[in-house]
Each structure stands twice: as C-alpha cells, then as structure tokens.
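> Input structure: structure_3.cif, which contains mmCIF, C-alpha atoms and all ligand atoms.
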```cif
data_coords
loop_
_atom_site.label_atom_id
_atom_site.label_comp_id
_atom_site.auth_asym_id
_atom_site.auth_seq_id
_atom_site.Cartn_x
_atom_site.Cartn_y
_atom_site.Cartn_z
CA MET A 268 107.13 77.24 71.14
CA GLU A 269 104.50 79.10 69.10
CA PHE A 270 104.17 82.88 69.19
CA GLN A 271 101.29 83.34 66.75
CA LEU A 272 97.65 83.27 67.82
CA THR A 273 95.84 80.27 66.38
CA GLU A 274 92.98 80.83 63.95
CA GLU A 275 90.53 80.24 66.79
CA GLN A 276 92.33 82.68 69.12
CA THR A 277 92.37 85.32 66.39
CA LEU A 278 88.63 84.85 65.99
CA ILE A 279 88.11 85.16 69.75
CA ARG A 280 90.13 88.39 69.85
CA ASP A 281 88.45 89.87 66.77
CA SER A 282 84.95 89.11 68.00
CA ALA A 283 85.82 90.78 71.30
CA ILE A 284 86.94 93.88 69.37
CA SER A 285 83.62 93.87 67.45
CA MET A 286 81.60 93.33 70.63
CA VAL A 287 83.22 96.37 72.24
CA GLU A 288 82.83 98.61 69.18
CA ARG A 289 79.31 97.54 68.25
CA ASP A 290 77.62 96.80 71.57
CA ILE A 291 79.58 98.16 74.53
CA GLN A 292 81.04 101.49 73.45
CA PRO A 293 77.68 103.06 72.42
CA ILE A 294 76.35 102.43 75.95
CA LEU A 295 79.45 104.02 77.50
CA ASP A 296 79.29 106.97 75.10
CA ALA A 297 75.73 107.69 76.24
CA HIS A 298 77.01 108.45 79.76
CA PRO A 299 79.47 110.97 81.24
CA VAL A 300 83.05 109.64 81.13
CA ASP A 301 83.78 110.68 84.70
CA GLN A 302 80.76 109.30 86.53
CA SER A 303 79.78 105.81 87.64
CA LEU A 304 77.34 104.20 85.24
CA PRO A 305 73.76 103.75 86.49
CA LYS A 306 72.72 100.22 87.34
CA ALA A 307 70.38 99.96 84.34
CA ALA A 308 73.33 100.53 82.00
CA MET A 309 75.42 98.01 83.93
CA ARG A 310 72.67 95.48 83.41
CA GLN A 311 72.72 96.10 79.66
CA LEU A 312 76.50 95.59 79.64
CA TYR A 313 76.23 92.38 81.64
CA ASP A 314 73.61 91.05 79.21
CA ILE A 315 76.12 91.55 76.40
CA THR A 316 79.15 90.03 78.12
CA THR A 317 77.21 87.11 79.61
CA ARG A 318 76.34 86.03 76.06
CA GLN A 319 80.11 85.74 75.49
CA GLY A 320 80.61 83.54 78.57
CA LEU A 321 82.17 86.33 80.64
CA ALA A 322 79.88 85.97 83.68
CA ALA A 323 81.81 82.85 84.73
CA PRO A 324 84.63 82.13 82.26
CA ARG A 325 86.64 80.05 84.76
CA ILE A 326 83.78 77.63 85.54
CA PRO A 327 83.32 74.58 83.26
CA THR A 328 80.38 74.66 80.83
CA SER A 329 79.13 71.40 82.36
CA GLU A 330 78.52 73.40 85.57
CA GLY A 331 76.87 76.32 83.78
CA GLY A 332 79.94 78.51 83.37
CA GLY A 333 81.74 79.85 80.30
CA GLY A 334 84.44 77.13 80.40
CA MET A 335 87.19 79.24 78.85
CA LYS A 336 90.90 78.73 78.81
CA MET A 337 92.56 81.52 80.79
CA LEU A 338 94.51 82.64 77.72
CA ASP A 339 91.34 82.91 75.63
CA TYR A 340 89.71 84.85 78.44
CA GLY A 341 92.78 87.13 78.48
CA LEU A 342 92.48 87.80 74.74
CA ILE A 343 88.93 89.05 75.28
CA TYR A 344 89.74 90.81 78.52
CA GLU A 345 92.45 92.92 76.88
CA GLN A 346 89.85 94.45 74.54
CA LEU A 347 87.37 95.53 77.23
CA PRO A 348 87.35 99.16 78.41
CA ALA A 349 89.57 98.99 81.51
CA TRP A 350 86.97 100.06 84.07
CA PHE A 351 84.52 97.51 82.72
CA ALA A 352 87.23 94.85 82.67
CA VAL A 353 87.69 95.45 86.41
CA SER A 354 83.93 95.10 86.89
CA VAL A 355 83.70 91.90 84.82
CA MET A 356 86.53 90.38 86.82
CA ALA A 357 85.00 91.41 90.15
CA HIS A 358 81.78 89.68 89.15
CA GLU A 359 83.20 86.51 87.66
CA VAL A 360 85.85 85.98 90.33
CA THR A 361 83.20 86.39 93.02
CA ALA A 362 81.07 83.82 91.19
CA SER A 363 84.09 81.48 91.09
CA ARG A 364 84.77 81.94 94.80
CA ILE A 365 81.15 81.38 95.76
CA TYR A 366 81.00 78.33 93.49
CA ALA A 367 84.13 76.87 95.11
CA GLU A 368 83.00 77.52 98.67
CA ALA A 369 79.26 76.81 98.40
CA ASN A 370 77.43 73.64 99.41
CA PRO A 371 75.04 72.05 96.87
CA GLU A 372 72.00 73.94 98.20
CA GLN A 373 73.87 77.27 98.02
CA ARG A 374 75.08 76.52 94.51
CA GLU A 375 71.50 75.94 93.43
CA ARG A 376 70.38 79.16 95.08
CA PHE A 377 73.14 81.53 93.95
CA MET A 378 74.80 80.22 90.81
CA PRO A 379 72.01 80.53 88.19
CA ASP A 380 71.68 84.29 88.76
CA LEU A 381 75.46 84.75 88.82
CA PHE A 382 76.17 82.59 85.75
CA SER A 383 73.43 84.35 83.79
CA GLY A 384 74.61 87.81 84.85
CA ARG A 385 71.08 88.56 86.13
CA LYS A 386 72.72 89.51 89.42
CA ILE A 387 75.93 91.51 89.61
CA ALA A 388 78.49 90.49 92.22
CA GLY A 389 81.55 91.80 94.03
CA THR A 390 83.93 90.65 96.76
CA ALA A 391 84.53 92.68 99.93
CA THR A 392 87.83 91.73 101.54
CA SER A 393 89.88 94.94 101.95
CA GLU A 394 89.26 97.12 104.97
CA PRO A 395 90.47 100.57 106.02
CA GLY A 396 92.98 98.84 108.35
CA ALA A 397 93.82 95.77 106.24
CA GLY A 398 94.78 95.77 102.56
CA SER A 399 97.89 93.86 101.50
CA ASP A 400 97.78 91.73 104.63
CA PRO A 401 94.39 89.98 104.89
CA ARG A 402 95.44 88.60 108.28
CA GLY A 403 94.70 92.04 109.67
CA LEU A 404 90.98 91.82 108.84
CA THR A 405 88.63 92.74 111.68
CA THR A 406 85.14 92.39 110.15
CA ARG A 407 83.43 89.65 112.16
CA MET A 408 80.57 87.34 111.59
CA ASP A 409 78.84 85.65 114.50
CA VAL A 410 76.22 83.02 113.85
CA ASP A 411 73.25 83.06 116.19
CA GLY A 412 70.75 80.35 115.26
CA ASP A 413 69.42 81.03 111.76
CA THR A 414 71.08 84.41 111.52
CA ALA A 415 74.65 85.57 111.01
CA ILE A 416 75.48 89.03 112.34
CA VAL A 417 78.19 90.91 110.43
CA ASN A 418 80.00 93.89 111.94
CA GLY A 419 82.79 95.86 110.28
CA ARG A 420 83.75 98.17 107.45
CA LYS A 421 84.90 97.17 103.96
CA ILE A 422 86.52 99.39 101.38
CA TRP A 423 87.48 99.34 97.67
CA ILE A 424 84.72 96.93 96.67
CA SER A 425 84.63 96.77 92.87
CA ASN A 426 80.95 96.81 91.75
CA GLY A 427 79.99 97.52 95.40
CA SER A 428 77.24 100.07 94.84
CA VAL A 429 75.62 98.14 91.94
CA ALA A 430 76.11 94.66 93.37
CA ASP A 431 73.13 92.41 94.10
CA ILE A 432 75.47 89.97 95.81
CA ILE A 433 78.56 90.79 97.87
CA ALA A 434 80.81 87.99 99.12
CA VAL A 435 82.12 89.43 102.38
CA THR A 436 85.32 87.98 103.88
CA CYS A 437 84.98 87.82 107.65
CA ILE A 438 86.74 86.50 110.71
CA ASP A 439 84.74 83.76 112.33
CA GLY A 440 87.14 82.43 114.94
CA VAL A 441 90.74 81.61 115.81
CA ASP A 442 92.80 78.53 114.86
CA ASP A 443 95.04 76.51 117.22
CA LYS A 444 97.98 78.82 116.44
CA GLY A 445 95.95 81.83 117.55
CA ARG A 446 95.44 83.12 114.00
CA ASN A 447 92.09 84.41 112.80
CA THR A 448 90.15 82.00 110.61
CA LEU A 449 88.32 83.46 107.63
CA LYS A 450 85.01 82.61 106.03
CA ARG A 451 82.95 84.29 103.40
CA ILE A 452 79.28 85.12 103.63
CA VAL A 453 76.96 86.11 100.80
CA VAL A 454 75.29 89.42 101.61
CA GLU A 455 72.43 90.71 99.47
CA PRO A 456 72.17 94.48 100.01
CA ALA A 457 68.49 94.40 98.94
CA VAL A 458 67.59 92.33 102.01
CA SER A 459 70.33 93.09 104.57
CA ASN A 460 71.02 96.41 106.28
CA VAL A 461 74.34 97.39 104.71
CA GLU A 462 75.26 100.98 103.95
CA ILE A 463 77.19 101.42 100.70
CA ARG A 464 78.77 104.56 99.27
CA GLU A 465 80.82 105.34 96.17
CA ILE A 466 84.49 106.42 96.52
CA GLU A 467 85.78 109.09 94.13
CA THR A 468 89.02 108.05 92.43
CA VAL A 469 91.47 109.36 89.80
CA GLY A 470 90.58 106.79 87.17
CA LEU A 471 88.20 104.02 86.02
CA GLN A 472 85.51 106.59 86.68
CA GLN A 473 82.58 104.97 84.87
CA GLY A 474 83.03 102.02 87.22
CA HIS A 475 82.11 101.52 90.87
CA LEU A 476 84.53 101.35 93.76
CA SER A 477 82.69 101.40 97.03
CA GLU A 478 82.83 101.36 100.78
CA ALA A 479 80.38 99.34 102.89
CA VAL A 480 79.50 99.57 106.55
CA PHE A 481 78.02 96.55 108.31
CA GLU A 482 76.46 97.39 111.67
CA ASP A 483 74.76 94.40 113.23
CA CYS A 484 73.96 93.43 109.65
CA GLU A 485 71.66 90.42 109.74
CA VAL A 486 72.19 87.79 107.04
CA PRO A 487 70.59 84.33 106.84
CA ALA A 488 73.05 81.85 108.35
CA ASP A 489 72.42 79.69 105.27
CA ASN A 490 74.51 82.25 103.34
CA VAL A 491 77.73 81.38 105.18
CA LEU A 492 80.05 79.67 102.68
CA SER A 493 81.89 76.89 104.39
CA SER A 494 82.10 73.87 102.12
CA GLY A 495 85.14 74.82 100.07
CA GLY A 496 87.60 74.98 102.97
CA ASP A 497 90.01 77.84 103.37
CA ALA A 498 88.72 81.26 102.21
CA ALA A 499 92.24 82.76 102.41
CA LYS A 500 93.63 80.06 100.09
CA MET A 501 90.81 80.65 97.62
CA LEU A 502 91.69 84.35 97.57
CA THR A 503 95.28 83.51 96.64
CA VAL A 504 94.31 81.07 93.89
CA THR A 505 91.95 83.57 92.25
CA TRP A 506 94.35 86.51 92.69
CA ASN A 507 96.94 84.56 90.70
CA GLY A 508 94.56 84.28 87.77
CA ASN A 509 93.56 87.93 88.07
CA ARG A 510 97.07 89.35 87.88
CA PRO A 511 97.95 88.74 84.21
CA LEU A 512 94.42 89.78 83.29
CA VAL A 513 94.93 93.15 84.97
CA GLY A 514 98.25 93.36 83.10
CA LEU A 515 96.36 92.86 79.84
CA ALA A 516 93.87 95.59 80.76
CA ALA A 517 96.92 97.88 81.05
CA ALA A 518 98.21 96.68 77.66
CA GLY A 519 94.77 97.40 76.15
CA LEU A 520 94.87 101.00 77.44
CA THR A 521 98.39 101.40 76.08
CA GLN A 522 97.41 100.09 72.66
CA ARG A 523 94.84 102.89 72.47
CA ALA A 524 97.45 105.47 73.50
CA PHE A 525 99.88 104.07 70.92
CA ASP A 526 97.29 104.27 68.12
CA LEU A 527 96.60 107.90 69.03
CA ALA A 528 100.32 108.74 69.17
CA VAL A 529 101.07 107.13 65.79
CA GLU A 530 98.17 108.98 64.20
CA TYR A 531 99.00 112.36 65.74
CA SER A 532 102.72 112.17 64.98
CA GLY A 533 101.87 111.49 61.35
CA VAL A 534 99.86 114.69 60.94
CA ARG A 535 101.50 117.13 63.36
CA GLU A 536 104.29 119.04 61.64
CA GLN A 537 107.22 120.83 63.27
CA PHE A 538 110.55 121.92 61.76
CA GLY A 539 109.09 121.41 58.29
CA LYS A 540 107.97 117.77 58.54
CA PRO A 541 105.64 115.43 60.45
CA ILE A 542 107.02 114.95 63.95
CA ALA A 543 106.93 111.17 63.27
CA GLY A 544 109.96 111.82 61.07
CA HIS A 545 112.05 113.07 64.02
CA GLN A 546 114.27 110.41 65.52
CA LEU A 547 113.40 111.04 69.16
CA VAL A 548 109.67 110.87 68.46
CA GLN A 549 110.28 107.53 66.74
CA ARG A 550 112.12 106.39 69.87
CA ASN A 551 109.04 107.23 71.96
CA LEU A 552 106.81 105.28 69.56
CA ALA A 553 109.23 102.36 69.60
CA ASP A 554 109.30 102.38 73.43
CA ILE A 555 105.49 102.41 73.63
CA GLU A 556 105.18 99.52 71.18
CA THR A 557 107.81 97.58 73.12
CA ALA A 558 105.86 98.09 76.35
CA ILE A 559 102.70 96.71 74.74
CA MET A 560 104.41 93.70 73.19
CA SER A 561 106.49 92.76 76.24
CA SER A 562 103.49 93.18 78.58
CA ARG A 563 101.33 91.02 76.35
CA LEU A 564 103.92 88.27 76.09
CA LEU A 565 104.44 88.08 79.86
CA CYS A 566 100.70 88.05 80.54
CA TYR A 567 99.91 85.50 77.81
CA TYR A 568 102.75 83.33 79.14
CA ALA A 569 101.42 83.42 82.72
CA LEU A 570 97.87 82.61 81.55
CA ASP A 571 99.09 79.82 79.30
CA MET A 572 101.00 78.31 82.24
CA MET A 573 97.75 78.24 84.18
CA ASP A 574 96.03 76.51 81.27
CA GLN A 575 98.81 73.90 81.41
CA GLY A 576 98.07 73.41 85.11
CA GLN A 577 101.48 74.67 86.19
CA ARG A 578 102.32 76.72 89.27
CA GLU A 579 102.29 80.33 88.25
CA ASN A 580 102.75 82.53 91.35
CA GLY A 581 105.99 84.16 90.19
CA ALA A 582 104.99 84.48 86.52
CA ALA A 583 101.59 85.98 87.39
CA ALA A 584 103.14 88.49 89.80
CA MET A 585 105.86 89.39 87.28
CA ALA A 586 103.35 89.85 84.47
CA LYS A 587 101.08 92.23 86.36
CA ARG A 588 103.83 94.31 87.96
CA TYR A 589 105.75 94.66 84.72
CA ALA A 590 102.72 95.37 82.53
CA THR A 591 101.08 97.98 84.75
CA LYS A 592 104.34 99.89 85.26
CA ALA A 593 105.58 99.64 81.65
CA CYS A 594 102.16 100.71 80.36
CA GLU A 595 101.92 103.61 82.81
CA ASN A 596 105.27 104.90 81.50
CA ALA A 597 104.28 104.23 77.89
CA ILE A 598 101.00 106.16 78.14
CA SER A 599 102.97 109.06 79.59
CA LEU A 600 105.26 108.88 76.52
CA ALA A 601 102.22 108.93 74.23
CA MET A 602 101.11 112.11 75.99
CA GLN A 603 104.59 113.53 75.41
CA VAL A 604 104.36 112.77 71.68
CA HIS A 605 101.22 114.95 71.68
CA GLY A 606 103.05 117.91 73.28
CA GLY A 607 100.53 120.35 74.81
CA MET A 608 97.65 118.41 73.28
CA GLY A 609 98.62 115.40 75.37
CA ILE A 610 97.55 117.01 78.61
CA THR A 611 94.13 118.13 77.34
CA ARG A 612 90.99 116.21 78.14
CA GLU A 613 90.05 116.44 74.48
CA ALA A 614 92.90 114.19 73.32
CA GLY A 615 91.65 111.37 75.58
CA LEU A 616 95.13 110.37 76.78
CA GLU A 617 94.78 111.78 80.28
CA ARG A 618 91.91 109.37 80.90
CA LEU A 619 94.00 106.40 79.78
CA TRP A 620 96.81 107.64 82.04
CA ARG A 621 94.52 107.99 85.05
CA ASP A 622 92.94 104.60 84.35
CA VAL A 623 96.26 102.75 84.13
CA ARG A 624 97.40 104.41 87.36
CA MET A 625 94.62 102.57 89.18
CA LEU A 626 95.76 99.15 88.02
CA SER A 627 99.00 98.81 89.97
CA VAL A 628 97.05 98.58 93.27
CA PRO A 629 94.41 95.81 93.12
CA ASP A 630 95.22 92.08 93.22
CA GLY A 631 98.62 92.82 94.75
CA THR A 632 100.42 96.16 94.80
CA ASP A 633 103.72 96.42 92.92
CA ASP A 634 105.63 95.91 96.18
CA ILE A 635 103.66 92.84 97.18
CA LEU A 636 104.08 91.35 93.69
CA THR A 637 107.83 91.99 93.91
CA LEU A 638 107.91 90.10 97.20
CA ILE A 639 105.89 87.22 95.75
CA GLN A 640 108.37 86.93 92.89
CA GLY A 641 111.25 87.27 95.34
CA ARG A 642 109.84 84.44 97.44
CA GLU A 643 109.63 82.25 94.34
CA ILE A 644 113.26 83.02 93.48
CA THR A 645 114.77 82.63 96.94
CA GLY A 646 112.35 80.40 98.82
CA LEU A 647 112.32 83.08 101.53
CA ALA A 648 109.28 85.20 102.37
CA ALA A 649 110.19 88.84 103.01
CA PHE A 650 106.71 90.16 103.79
CA ARG A 651 107.16 90.63 107.55
C1 LIG A 701 90.75 99.52 91.19
C2 LIG A 701 90.75 98.76 92.47
C3 LIG A 701 89.87 97.71 92.65
C4 LIG A 701 89.83 97.01 93.84
N1 LIG A 701 88.89 96.03 94.02
C5 LIG A 701 88.79 95.41 95.22
C6 LIG A 701 87.72 94.48 95.48
O1 LIG A 701 86.89 94.23 94.61
N2 LIG A 701 87.64 93.90 96.71
C7 LIG A 701 88.55 94.17 97.69
O2 LIG A 701 88.44 93.60 98.76
N3 LIG A 701 89.57 95.05 97.49
C8 LIG A 701 89.70 95.68 96.29
N4 LIG A 701 90.70 96.61 96.07
C9 LIG A 701 91.62 96.91 97.16
C10 LIG A 701 93.02 96.40 96.92
O3 LIG A 701 93.04 94.99 96.95
C11 LIG A 701 93.92 97.02 98.00
O4 LIG A 701 93.94 98.41 97.78
C12 LIG A 701 95.32 96.43 97.95
O5 LIG A 701 95.29 95.13 98.45
C13 LIG A 701 96.30 97.27 98.79
O6 LIG A 701 95.82 97.49 100.06
P1 LIG A 701 95.86 98.97 100.69
O7 LIG A 701 95.25 99.90 99.70
O8 LIG A 701 95.27 98.90 102.04
O9 LIG A 701 97.40 99.32 100.80
P2 LIG A 701 98.39 98.86 101.96
O10 LIG A 701 98.36 97.38 102.11
O11 LIG A 701 98.15 99.69 103.17
O12 LIG A 701 99.78 99.27 101.32
C14 LIG A 701 100.22 100.62 101.29
C15 LIG A 701 101.62 100.63 100.66
O13 LIG A 701 102.52 99.85 101.46
C16 LIG A 701 103.12 98.85 100.66
N5 LIG A 701 103.32 97.64 101.47
C17 LIG A 701 102.42 96.98 102.23
N6 LIG A 701 102.99 95.90 102.80
C18 LIG A 701 104.27 95.86 102.35
C19 LIG A 701 105.38 94.99 102.56
N7 LIG A 701 105.27 93.88 103.32
N8 LIG A 701 106.56 95.29 101.99
C20 LIG A 701 106.67 96.37 101.18
N9 LIG A 701 105.66 97.23 100.93
C21 LIG A 701 104.49 96.98 101.51
C22 LIG A 701 102.15 98.60 99.51
O14 LIG A 701 102.81 98.09 98.38
C23 LIG A 701 101.62 100.02 99.27
O15 LIG A 701 102.49 100.72 98.42
C24 LIG A 701 90.74 97.35 94.89
C25 LIG A 701 91.64 98.40 94.70
C26 LIG A 701 91.64 99.11 93.51
C27 LIG A 701 92.60 100.25 93.36
#
```
Show me the file's structure as structure tokens.


Amino acid sequence: MEFQLTEEQTLIRDSAISMVERDIQPILDAHPVDQSLPKAAMRQLYDITTRQGLAAPRIPTSEGGGGMKMLDYGLIYEQLPAWFAVSVMAHEVTASRIYAEANPEQRERFMPDLFSGRKIAGTATSEPGAGSDPRGLTTRMDVDGDTAIVNGRKIWISNGSVADIIAVTCIDGVDDKGRNTLKRIVVEPAVSNVEIREIETVGLQQGHLSEAVFEDCEVPADNVLSSGGDAAKMLTVTWNGNRPLVGLAAAGLTQRAFDLAVEYSGVREQFGKPIAGHQLVQRNLADIETAIMSSRLLCYYALDMMDQGQRENGAAAMAKRYATKACENAISLAMQVHGGMGITREAGLERLWRDVRMLSVPDGTDDILTLIQGREITGLAAFR
C-alpha cells in the first residue's frame, strides 16, 4: 500500500494547477461569474484542455484519445474549476460512449472532431419524467429510410446549449420481456431542428445546463449508434467512472474554501487574538481538512481500483456520495469561520457552496448511490 503520489503523479497534478492558473482562470475572470460562458470562450478552454489529453482521457492513445489512467485523470480533474470539470466530463464521456457504440464509418466521421475538441459534446438522457430511473424514458426515435425521427424532451444536458454534438438516448423498441430498448443517436443541432434553452441553477453558473425539445427532429439514420450493444449498460459503465471524479471536483472546491478559512482565521482578531487561536475555530479547520483528505482518499481508491480492472460499483458510489456531502458540510464550516463575511459574495465562499450543492445530483443522487452500495453489500436491489 502506497499513500504518496509518485513523482510522475505529482508532476501531473502540479501541471494541472499551473494550467488552471495560467491559462484557464484568466478566461473565466474575463466573464461574469454568474452567467454561462459564450461559445467562443468555451472553444478557447477546450483548446487548452485538449492539449492535455482531456478531450478523451479514457480512450487509448493508439485510437486517438488521451490514454490516461483514471487516477491520473482524477488528479487533473480535481484542479479544474468545478463547472468546467462538469463540462469536460460531459464532453469526454460522450466521446467515450460514441466511440464504444459507433461502427467504423461513424468513428471516422465523429471521433476526429471530438478527440481534437474542435466540436463540443454532451449526452441527453434525463427527461422531465425520467431521471434516476432511465427505464422511464419516453423520447422515441423511429427510423424511416435514410432518416431517423426523434420526438421527446430532454433536460439537464451538460454543455447542451454550446454542444455541436448531442448523443441522445432514445427508446427504439421493446424487448421480449416488454421492456423498452434504448439506443443513442448523434444529433447535430446545427443541422437538425432541435430547440435548446438554458436552465438557471443555483451553482456552476458559468457552465451550461440545458433543456432540449425534439419535435419530429430529422436526423440522418446513419447517426444511429448501434454497434456497441446495450446503451443502458454503457451508461452504467461510464457513470461508475464519473462518480469519483465528481467527488474530486467537490474536494477541489473544498480545498479552496479551506485555504480561504485558514488565511482569514489567521488575520481576523476577536477577544484579543487571531480567531485561529480559538479552540472551536481550530476544530472547524480540522473538520474541513478531514473532509478534503477523506474525500480524496475514497475517490483516489475508487479510481485506482478501476485502473486495476476491478469491479468498482460500491466504491465509486461510496466515494461520490461521501465526498459531495462531506464537502458541502465543510464549505459551510468555512463560511462559519468567516462569520458575517462568509455569507457575502465578496468572500467567494457562497459560490463554492452553491457549486458543491449541484454535485450531489448528477451521475447518481445520494439516495441512488446509497442503494447501489447497499446492493453491493447485501446482494439485494432496493430500488423498486
Ligand atoms: C449539474 C448536473 C449535470 C447534469 N448533467 C446531465 C447530463 O449531461 N445529461 C443528462 O442526461 N442528465 C444530466 N443531469 C441530470 C441528472 O442525471 C439527474 O438530475 C439525476 O439522474 C436525478 O434525476 P431527477 O433530477 O429526475 O431526480 P429524480 O430521479 O426524480 O429523484 C428525485 C428524488 O427522489 C430520490 N429517488 C429517486 N428514486 C429513488 C429510489 N428508488 N429510492 C430512494 N430515493 C429515490 C432521488 O434521490 C431524489 O432525491 C445533470 C444534473 C445536474 C444537477
């Protein structure tokens, strides 16, 4: 067992920190903190992260991807601003799903633009009536000759309004047990009639979370992805990888809150000394640091298990649920250390708090992750 980062991992983490400080943050600072970034700025960001292999980190280099270990990806991911981390994942996981489900001709057509970050991607699975349970999806695709017709409404699409490519999960029939069968189709909003709008949310506000309406939306039938088998299974496999990454995005936000709390408590004086010298303030700092460290360890562990090729359903679920909740509480403590300053916009903590609040929903809500872990422990599924 080895708890220290290797020299190479330290280098990976440190270059991610430099990339964010030097290249990414100036672009974010040039835009309002509470509005979705324009597409031109997103393009600039994707140019930067693609150079680091983040457009397709889970795809081998021999296939044109970044070929990263999941743990190495996690070390970089933790350093990204949380809203952009969500965007990067939406893009790269969509690229991975398309890659897995595409036939050779489709790979040739779609992958170069996705691997180079020239086109930004997102996945549309959730619907107003179906979130945690994808079996409730109602968006349909019907193939008629050379054209597939998509009808339905999708919601919470990360990158939706800036995406050049949206992989839309649709029902395309029924299996012999009477259950809907799912397939994905690649929709390009520039050429198909899909209506997309931005949804206002409490956090991750420089990002894009969108709703899309498909009304007799015509898409070339050649865009139906059907080579990789089961679209629902592919969702599960990729969700497992996503979960510890989202946990690390939460740890990254909490690290920033911790740094602010340590700094503030060292200069703010009450009762004749810096508040950092009061025992209960030290307890808050100790609790925040513990949340960061324990979240990191669980997430690194789950990612490392994946790198070892082991089954990771329970560990991935545990890591995300624990990290997002522990970090939400910890950021609240950092606000408390700041007293009245903590609730001002100026201090910057309220934004971290609102951002982390968003993270306990995607890729499995806390309740669903609890049930996944419970199923691993007991062998019994308690979802229905
Ligand atoms: C930041 C963000 C990014 C997202 N990105 C995407 C994206 O790119 N593409 C996409 O398709 N979707 C995306 N989503 C949507 C996300 O996957 C869904 O919001 C999530 O699956 C939950 O679905 P829901 O919101 O419909 O909640 P519901 O499924 O309706 O759940 C509501 C509540 O009921 C609980 N619940 C549900 N079933 C059970 C059960 N069996 N037992 C106990 N409790 C239960 C849930 O835990 C939750 O608290 C994103 C969401 C967010 C917040």

> For ligand LIG 701 (chain A), which residue out of A:Thr468, A:Gln522, A:Ser383, A:Asn490 is the nearest one, using only C-alpha atoms and all ligand atoms?

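Among the listed residues, A:Thr468 lies closest to ligand LIG 701 (chain A).
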
> Could you tell me, counting only C-alpha atoms and all ligand atoms, which protein and nucleic acid residues lie no more than 9 Å from ligand LIG 701 (chain A), written as a PyMOL selection string?

chain A and resi 350+353-354+356-358+361+389-401+421-427+435-436+468+470-471+475-477+622+624-638+649-651

> Using all atoms listed in the file, which of A:Met337, A:Asp301, A:Val410, A:Gly332 sits nearest Ala569 (chain A)?

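Looking only at the distances to Ala569 (chain A), the closest residue turns out to be A:Met337.
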
> Need the shell around Ala586 (chain A): protein/DNA/RNA residues with any atom at most 10 Å away, counting all atoms listed in the file. Skip same-chain ones fewer than 5 positions apart. Format as a PDB file with C-alpha atoms, keeping the file's coordinate frame?


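Output saved as selection.pdb:
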```
ATOM      1  CA  ARG A 510      97.070  89.350  87.880  1.00  0.00           C
ATOM      2  CA  PRO A 511      97.950  88.740  84.210  1.00  0.00           C
ATOM      3  CA  LEU A 512      94.420  89.780  83.290  1.00  0.00           C
ATOM      4  CA  VAL A 513      94.930  93.150  84.970  1.00  0.00           C
ATOM      5  CA  GLY A 514      98.250  93.360  83.100  1.00  0.00           C
ATOM      6  CA  LEU A 515      96.360  92.860  79.840  1.00  0.00           C
ATOM      7  CA  SER A 561     106.490  92.760  76.240  1.00  0.00           C
ATOM      8  CA  SER A 562     103.490  93.180  78.580  1.00  0.00           C
ATOM      9  CA  ARG A 563     101.330  91.020  76.350  1.00  0.00           C
ATOM     10  CA  LEU A 564     103.920  88.270  76.090  1.00  0.00           C
ATOM     11  CA  LEU A 565     104.440  88.080  79.860  1.00  0.00           C
ATOM     12  CA  CYS A 566     100.700  88.050  80.540  1.00  0.00           C
ATOM     13  CA  TYR A 567      99.910  85.500  77.810  1.00  0.00           C
ATOM     14  CA  TYR A 568     102.750  83.330  79.140  1.00  0.00           C
ATOM     15  CA  ALA A 569     101.420  83.420  82.720  1.00  0.00           C
ATOM     16  CA  LEU A 570      97.870  82.610  81.550  1.00  0.00           C
ATOM     17  CA  GLY A 581     105.990  84.160  90.190  1.00  0.00           C
ATOM     18  CA  THR A 591     101.080  97.980  84.750  1.00  0.00           C
ATOM     19  CA  LEU A 636     104.080  91.350  93.690  1.00  0.00           C
TER      20      LEU A 636
END
```

> What is the distance between CA of Met286 (chain A) and CA of Leu347 (chain A), in Å to one decimal?

9.0 Å

> Give, as AutoDock Vina command-line options, the centre coordinates and the x, y and z edge lengths in Å to one decimal for an axis-aligned box around all listed atoms of region 375-393 of chain A, padded by 5 Å on each side.


```
--center_x 80.1 --center_y 85.4 --center_z 92.9 --size_x 29.5 --size_y 29.0 --size_z 28.2
```

> Please list, as a VMD selection string, the residues that have an atom at most 12 Å away from (105.2, 115.0, 63.7) in the coordinates of this file, counting all atoms listed in the file.

chain A and resid 528 to 549 551 to 552 603 to 606

> Using CA of Gly607 (chain A) and CA of Asp526 (chain A) as the two end points, give the distance in Å to one decimal.

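Interatomic distance here is 17.7 Å.
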
> Between CA of Arg621 (chain A) and CA of Leu527 (chain A), what is the distance, to one decimal in Å?

16.2 Å

> Of the candidates A:Lys592, A:Pro456, A:Ile432, A:Ile639, which one gets nearest to Arg376 (chain A) if we count all atoms listed in the file?

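Looking at the shortest contact to Arg376 (chain A), the residue is A:Ile432.
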
> Check the smallest atom-to-atom distance from each of A:Val429, A:Val491, A:Ala457, A:Leu312 to Glu478 (chain A) using all atoms listed in the file, then report the winner.

A:Val429

> Rank A:Arg318, A:Lys500, A:Lys306, A:Arg289 by their smallest atom-to-atom distance to Gly384 (chain A), using all atoms listed in the file, and report the top residue only.

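Smallest separation from Gly384 (chain A) among the options: A:Arg318.
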
> If I put a ball of radius 10 Å at (77.6, 99.6, 77.5) in the file's coordinates, which residues poke into it when counting all atoms listed in the file, written as a list in words?

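Within the cut-off we find Val287, Glu288, Arg289, Asp290, Ile291, Gln292, Pro293, Ile294, Leu295, Asp296, Ala297, His298, Leu304, Ala307, Ala308, Met309, Arg310, Gln311, Leu312, Tyr313, Asp314, Ile315, Thr316, Pro348 and Phe351 of chain A.
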
> If you count all atoms listed in the file, which residues fall within 6 Å of Thr406 (chain A), apart from same-chain ones fewer than 6 positions away, as a VMD selection string?

chain A and resid 418 to 419 437

> Smallest atom-to-atom distance to Trp620 (chain A): which of A:Asp439, A:Glu485, A:Glu275, A:Glu595, using all atoms listed in the file?

A:Glu595

> Give me, as a PyMOL selection string, all polymer residues having an atom no more than 12 Å from Asn596 (chain A), counting only C-alpha atoms and skipping those fewer than 5 positions away in the same chain.

chain A and resi 517-518+520-521+524-525+551+554-559+589-591+601-603+619-621+623-624
